[in-house]
Structures are given as structure tokens and as C-alpha cells.
Amino acid sequence: MPNRIRIYSSRGTFWSKSGLNLASTCEINSHSDGEITLTCTVEAPFSPDALKLLAEHTNANTGVRGNFSGLLDDNKSVEIELLHLQSANLSMNQSGQRIKYEFLALAPVEIGSLTRTQTPVIVKFGITNFVFTGCQWSTTNGSRRRDTFTSLIDGLTFTFKQLDGYDGIVANLEANRDILVTSDAVVTCEQLELQRVEKSIYDVLCLLSLAAGTWLAPVYEEVYFQSEVKRTVLFPAKTFPYRQNERLIDNSNLQSCDTEDFLQTTYPIFKDLKQSLGLNVVIEYYLQAKQMNYLELRYLVAEVAIESLLSHARGYLRYIGNPLTRISRKNSLRQKMTKLVTHFQIAHVPDDFRFIRIRNKLVHEGHFPTGVDGVSEYNRFMNFIDRTLLTIVGYRGHNYVNRMNNYLREVLS
């Protein structure tokens with residue numbers, strides 16, 4: 001199960017959107033699945049607003065929301081812009097009555113700050129479910145491990161490193177389909193570049209998620225100046241359970257550093273096309289398909305990924321494509337696919353379009369056509385999506401893992 005990765009004590013005030021305020025001692029808990037809670041306790045005698053907040057939570061149909069501002073024990077500031085009150089309970093202990101309020105963070109928790117003169121800085125992101133063998137060696141406590149790889153992305157050097165105890169973490173991931181922090185992504189930059197780093201990490205992780213076949217997310221950010229953490233951000237991140245054996249790029253990096261090659265090759269084109277083609281959304285649906293337990297659902301969610309890509313491509317090809325590849329609303333699904341693969345020169349065979357007939361049967365009747373091997377057709381369809389996405393982001397001529405050829409590493413044609 002997801003574990004607790006950060007805990008802080010704070011004294012501060014919650015302000016509800018209805019104007020109530022609650023001053024109390026609180027505890028912030030951040031978990032590896034991206035859930036962040038703020039638990040605040042007040043002792044009797046209660047303020048009028050404390051009682052009103054309890055009543056408002058009990059009676060409100062839409063829930064109580066607000067923000068929190070406070071200080072940690074070391075006087076670092078804490079700011080949370082949006083919280084939802086999940087529970088409020090009145091209880092009795094030896095010292096008297098108390099009310100415990102538990103809030104769910106719906107916005108990042110920001111702790112501490114930097115002064116203008118504190119530069120350069122080291123930024124460290126905690127990444128969930130990233131399983132890989134490194135391309136470079138490092139030495140920890142006298143033990144050498146191949147646990148690191150670096151990539152130059154948009155002028156920034158990202159270093160990915162396995163956490164201490166990585167082998168045990170991965171064993172838990174694989175045994176329980178868990179959500180755990182496995183590695184750090186580290187960047188050294190000037191303070192003025194922080195926003196660019198914070199924006200880039202999401203694009204980098206979207207691509208690495210595509211490569212890994214499972215969703216990767218940053219759940220915390222720590223900013224160091226002169227080896228001291230000056231600023232921490234806890235993210236209420238979207239996370240998925242770990243999915244094993246779904247990789248698209250060889251993460252063992254034994255023959256060459258495929259992960260680094262993939263990231264550095266695809267990032268510039270991904271950055272240029274992600275908005276026009278909705279690649280973030282398409283990749284998320286593609287990965288959601290792999291999360292489904294039922295084969296029919298996997299196939300249908302993968303179909304959503306393809307149709308989302310076609311929907312975005314219609315607008316993109318209106319301006320970029322030639323008359324033969326412009327997609328019209330009146331085009332059939334087959335015509336749209338033909339124009340997409342033609343424009344991006346995606347290698348394909350007629351059987352790659354078999355998903356259209358299967359999709360229609362699943363949507364209208366809820367099952368695969370009679371005589372069709374669902375597993376084989378799902379693998380065929382996912383392989384077609386694999387090749388489509390990789391070609392779009394400029395990866396042709398590089399190595400990928402072909403699920404239609406026993407998951408062997410081969411060059412994308």
C-alpha cells in the first residue's frame with residue numbers, strides 16, 4: 001500500500017470560503033500515491049467558528065472548502081491554497097472535549113521560500129513507479145551500483161537516480177501493484193530557471209511514462225541552497241498503480257542507454273506537438289488502457305486514445321497537412337486513420353486497421369467478434385498505437401520493445 005513519505009507539524013489558520021476561521025495545531029501528511037492530508041485539532045473551550053465549521057460540515061451538501069496558512073516548528077511558512085474538509089469529529093479525552101478536522105489538499109502544499117540571492121539551487125523531485133537500470137555507476141556506502149542516468153533536456157541536465165533501498169521498493173511494487181517513490185530527478189539551475197524546470201519535469205515524465213508503460217508522477221519537490229532544503233512543494237499528484245512488463249523502451253539499458261536516447265530524441269518534437277495533438281491526454285488514455293483488468297475495457301480505452309489523437313489531429317492537419325491529409329468531420333474512422341498515417345509516414349499494414357471493425361462490435365454489442373482472439377487483437381492494436389506514438393515523436397530508427405515479437409528489442413521502421 002502507498003506509504004507516508006513526509007510529515008510536518010504546523011500551527012496555523014484554516015479559512016473557509018464561507019468566512020469561518022479555525023486557528024489550531026495541525027499535522028500535514030504526504031503519501032506516495034499523491035494524497036495529502038491536513039489534520040487539525042482544537043481543544044475545548046471551542047471558538048464560535050470552530051463549532052460553526054463542525055455544523056457546516058455536517059449540514060453542507062457541497063462540502064466545506066478553504067485555504068490554510070501557518071508556520072512549521074522551525075518557522076518555515078506553510079501555504080495551501082485549496083483544501084476540502086473530509087471529516088470533523090467531536091470526541092472526549094482525559095483533558096476534555098476536542099474536535100478533529102481532516103482536510104484533503106486539492107492544491108500543492110508550499111513550505112518555506114527562497115531569497116533572491118540564493119542561487120544556484122539544486123531541485124530534487126520524488127518520482128513514483130519509475131523502474132530502470134542506470135547507465136552510469138555510483139558508489140554509496142562503499143557499494144557500486146548502476147543506478148543513474150542523465151539527459152540533457154532543453155538546456156537542462158536531468159539526473160535520475162534510484163533511491164536507497166531501491167531493490168526492496170521495486171519488489172513491493174511488483175508484488176502488490178503499489179504506488180511508491182522509487183527515484184529522484186535532480187536538476188541544478190539558477191533560481192530564475194525554477195519555473196522552467198518545474199514545467200519541464202511534467203513533459204519529461206509524460207515521455208518516460210510512455211517509455212515505461214506505466215504512469216510516473218512527481219509527488220514532491222525540494223529546492224536546496226548550499227545543501228539545505230529551503231523550499232518544499234508537496235504535490236496532490238495523479239498516480240496509477242504500477243504496471244509490470246508493459247514497457248515500450250528497454251529499461252534495462254544493457255546494450256545501450258535506450259532510456260536516455262529515447263528522452264533526448266523525442267523531447268523536442270513532443271514539446272512542439274503536445275498541445276496541437278493533445279499528446280499528454282492521448283498518452284494518459286494509452287496508459288489507462290494498460291491499467292484495466294478486463295480485456296474489453298483495455299481495448300476500448302485504447303480506442304479512446306486513438307480517437308482523441310484523431311480529434312486533435314483534425315485541427316492540426318487543417319493548417320499543417322496538404323489537401324490529401326486534411327481530416328474532415330465527414331471522414332470515416334478508416335479515412336481519418338489513413339490520413340494520419342500518411343501525414344506522419346507511419347509504417348503500417350492493412351491488418352493494423354482491424355481495430356475499427358472490432359471497436360464497432362465492442363461498442364455496440366460489448367464483446368469481441370465471433371472467432372476473434374481478443375488477446376491477439378489487443379496486442380496487435382497496442383503495437384499499432386506504440387508505433388504510431390513513437391513515430392509521431394520522431395523515434396523512427398531507434399530501438400523499442402515490440403510486443404508482437406515476444407517483447408524483443410528492435411529498430412522502429
# chains A, B, ... in the order shown; residues from 1 in each chain; ligands from 1
call {"tool": "residues_around", "arguments": {"residues": "Asn89 in chain A", "least_positions_apart": "5", "cutoff": "9 Å", "atoms": "only C-alpha atoms", "output": "PyMOL selection string"}}
result
chain A and resi 54+98-102
call {"tool": "residues_around", "arguments": {"residues": "range 398-412 of chain A", "least_positions_apart": "6", "cutoff": "9 Å", "atoms": "only C-alpha atoms", "output": "ChimeraX atom specification"}}
result
/A:211,246-250,258,261-262,376,379-380,382-383,386-387,390-391
call {"tool": "atom_distance", "arguments": {"atom1": "CA of Arg396 in chain A", "atom2": "CA of Val349 in chain A"}}
result
16.5 Å
call {"tool": "atom_distance", "arguments": {"atom1": "CA of Thr115 in chain A", "atom2": "CA of Leu82 in chain A"}}
result
24.9 Å
call {"tool": "select_by_dssp", "arguments": {"residues": "range 208-400 of chain A", "states": "strand (DSSP E or B)", "output": "list of chain:residue names"}}
result
A:Pro218, A:Val219, A:Tyr220, A:Glu221, A:Glu222, A:Val223, A:Tyr224, A:Phe225, A:Glu228, A:Val229, A:Lys230, A:Arg231, A:Thr232, A:Val233, A:Leu234, A:Asn399, A:Tyr400
call {"tool": "decode", "arguments": {"residues": "range 165-189 of chain A", "atoms": "N, CA and C atoms", "output": "PDB file, in the first residue's frame"}}
result
ATOM      1  N   GLY A 165      17.649   1.621  -1.015  1.00  0.00           N
ATOM      2  CA  GLY A 165      16.657   0.568  -0.789  1.00  0.00           C
ATOM      3  C   GLY A 165      15.801   0.284  -1.997  1.00  0.00           C
ATOM      4  N   TYR A 166      16.298   0.681  -3.182  1.00  0.00           N
ATOM      5  CA  TYR A 166      15.542   0.558  -4.431  1.00  0.00           C
ATOM      6  C   TYR A 166      15.051  -0.871  -4.692  1.00  0.00           C
ATOM      7  N   ASP A 167      15.901  -1.853  -4.477  1.00  0.00           N
ATOM      8  CA  ASP A 167      15.523  -3.241  -4.789  1.00  0.00           C
ATOM      9  C   ASP A 167      14.304  -3.680  -3.980  1.00  0.00           C
ATOM     10  N   GLY A 168      14.260  -3.322  -2.707  1.00  0.00           N
ATOM     11  CA  GLY A 168      13.110  -3.665  -1.870  1.00  0.00           C
ATOM     12  C   GLY A 168      11.857  -2.919  -2.284  1.00  0.00           C
ATOM     13  N   ILE A 169      12.026  -1.661  -2.690  1.00  0.00           N
ATOM     14  CA  ILE A 169      10.882  -0.867  -3.150  1.00  0.00           C
ATOM     15  C   ILE A 169      10.264  -1.501  -4.390  1.00  0.00           C
ATOM     16  N   VAL A 170      11.115  -1.888  -5.338  1.00  0.00           N
ATOM     17  CA  VAL A 170      10.626  -2.481  -6.584  1.00  0.00           C
ATOM     18  C   VAL A 170       9.968  -3.833  -6.317  1.00  0.00           C
ATOM     19  N   ALA A 171      10.513  -4.590  -5.370  1.00  0.00           N
ATOM     20  CA  ALA A 171       9.899  -5.875  -5.022  1.00  0.00           C
ATOM     21  C   ALA A 171       8.469  -5.666  -4.523  1.00  0.00           C
ATOM     22  N   ASN A 172       8.261  -4.630  -3.710  1.00  0.00           N
ATOM     23  CA  ASN A 172       6.903  -4.309  -3.234  1.00  0.00           C
ATOM     24  C   ASN A 172       6.003  -3.856  -4.379  1.00  0.00           C
ATOM     25  N   LEU A 173       6.546  -3.042  -5.266  1.00  0.00           N
ATOM     26  CA  LEU A 173       5.772  -2.587  -6.427  1.00  0.00           C
ATOM     27  C   LEU A 173       5.249  -3.773  -7.224  1.00  0.00           C
ATOM     28  N   GLU A 174       6.144  -4.685  -7.523  1.00  0.00           N
ATOM     29  CA  GLU A 174       5.788  -5.803  -8.390  1.00  0.00           C
ATOM     30  C   GLU A 174       4.863  -6.795  -7.698  1.00  0.00           C
ATOM     31  N   ALA A 175       5.039  -6.968  -6.397  1.00  0.00           N
ATOM     32  CA  ALA A 175       4.205  -7.929  -5.669  1.00  0.00           C
ATOM     33  C   ALA A 175       2.799  -7.406  -5.431  1.00  0.00           C
ATOM     34  N   ASN A 176       2.663  -6.093  -5.247  1.00  0.00           N
ATOM     35  CA  ASN A 176       1.386  -5.534  -4.804  1.00  0.00           C
ATOM     36  C   ASN A 176       0.756  -4.539  -5.775  1.00  0.00           C
ATOM     37  N   ARG A 177       1.386  -4.350  -6.966  1.00  0.00           N
ATOM     38  CA  ARG A 177       0.908  -3.294  -7.884  1.00  0.00           C
ATOM     39  C   ARG A 177       0.725  -1.994  -7.113  1.00  0.00           C
ATOM     40  N   ASP A 178       1.771  -1.593  -6.430  1.00  0.00           N
ATOM     41  CA  ASP A 178       1.717  -0.485  -5.494  1.00  0.00           C
ATOM     42  C   ASP A 178       1.979   0.855  -6.183  1.00  0.00           C
ATOM     43  N   ILE A 179       2.009   1.919  -5.390  1.00  0.00           N
ATOM     44  CA  ILE A 179       2.422   3.249  -5.847  1.00  0.00           C
ATOM     45  C   ILE A 179       3.454   3.735  -4.843  1.00  0.00           C
ATOM     46  N   LEU A 180       4.728   3.737  -5.238  1.00  0.00           N
ATOM     47  CA  LEU A 180       5.811   4.067  -4.326  1.00  0.00           C
ATOM     48  C   LEU A 180       6.833   4.964  -5.018  1.00  0.00           C
ATOM     49  N   VAL A 181       7.501   5.792  -4.241  1.00  0.00           N
ATOM     50  CA  VAL A 181       8.581   6.627  -4.769  1.00  0.00           C
ATOM     51  C   VAL A 181       9.813   5.740  -4.941  1.00  0.00           C
ATOM     52  N   THR A 182      10.317   5.671  -6.165  1.00  0.00           N
ATOM     53  CA  THR A 182      11.448   4.787  -6.470  1.00  0.00           C
ATOM     54  C   THR A 182      12.728   5.550  -6.771  1.00  0.00           C
ATOM     55  N   SER A 183      12.596   6.813  -7.179  1.00  0.00           N
ATOM     56  CA  SER A 183      13.780   7.518  -7.673  1.00  0.00           C
ATOM     57  C   SER A 183      13.610   9.023  -7.532  1.00  0.00           C
ATOM     58  N   ASP A 184      14.724   9.712  -7.678  1.00  0.00           N
ATOM     59  CA  ASP A 184      14.744  11.175  -7.702  1.00  0.00           C
ATOM     60  C   ASP A 184      15.140  11.661  -9.083  1.00  0.00           C
ATOM     61  N   ALA A 185      14.595  12.793  -9.485  1.00  0.00           N
ATOM     62  CA  ALA A 185      15.080  13.521 -10.657  1.00  0.00           C
ATOM     63  C   ALA A 185      15.689  14.818 -10.140  1.00  0.00           C
ATOM     64  N   VAL A 186      16.948  15.065 -10.470  1.00  0.00           N
ATOM     65  CA  VAL A 186      17.691  16.182  -9.885  1.00  0.00           C
ATOM     66  C   VAL A 186      18.197  17.105 -10.987  1.00  0.00           C
ATOM     67  N   VAL A 187      18.024  18.417 -10.764  1.00  0.00           N
ATOM     68  CA  VAL A 187      18.479  19.434 -11.718  1.00  0.00           C
ATOM     69  C   VAL A 187      19.170  20.546 -10.932  1.00  0.00           C
ATOM     70  N   THR A 188      20.324  20.978 -11.409  1.00  0.00           N
ATOM     71  CA  THR A 188      20.981  22.166 -10.867  1.00  0.00           C
ATOM     72  C   THR A 188      20.723  23.320 -11.818  1.00  0.00           C
ATOM     73  N   CYS A 189      20.234  24.429 -11.281  1.00  0.00           N
ATOM     74  CA  CYS A 189      19.875  25.559 -12.141  1.00  0.00           C
ATOM     75  C   CYS A 189      19.964  26.868 -11.363  1.00  0.00           C
TER      76      CYS A 189
END
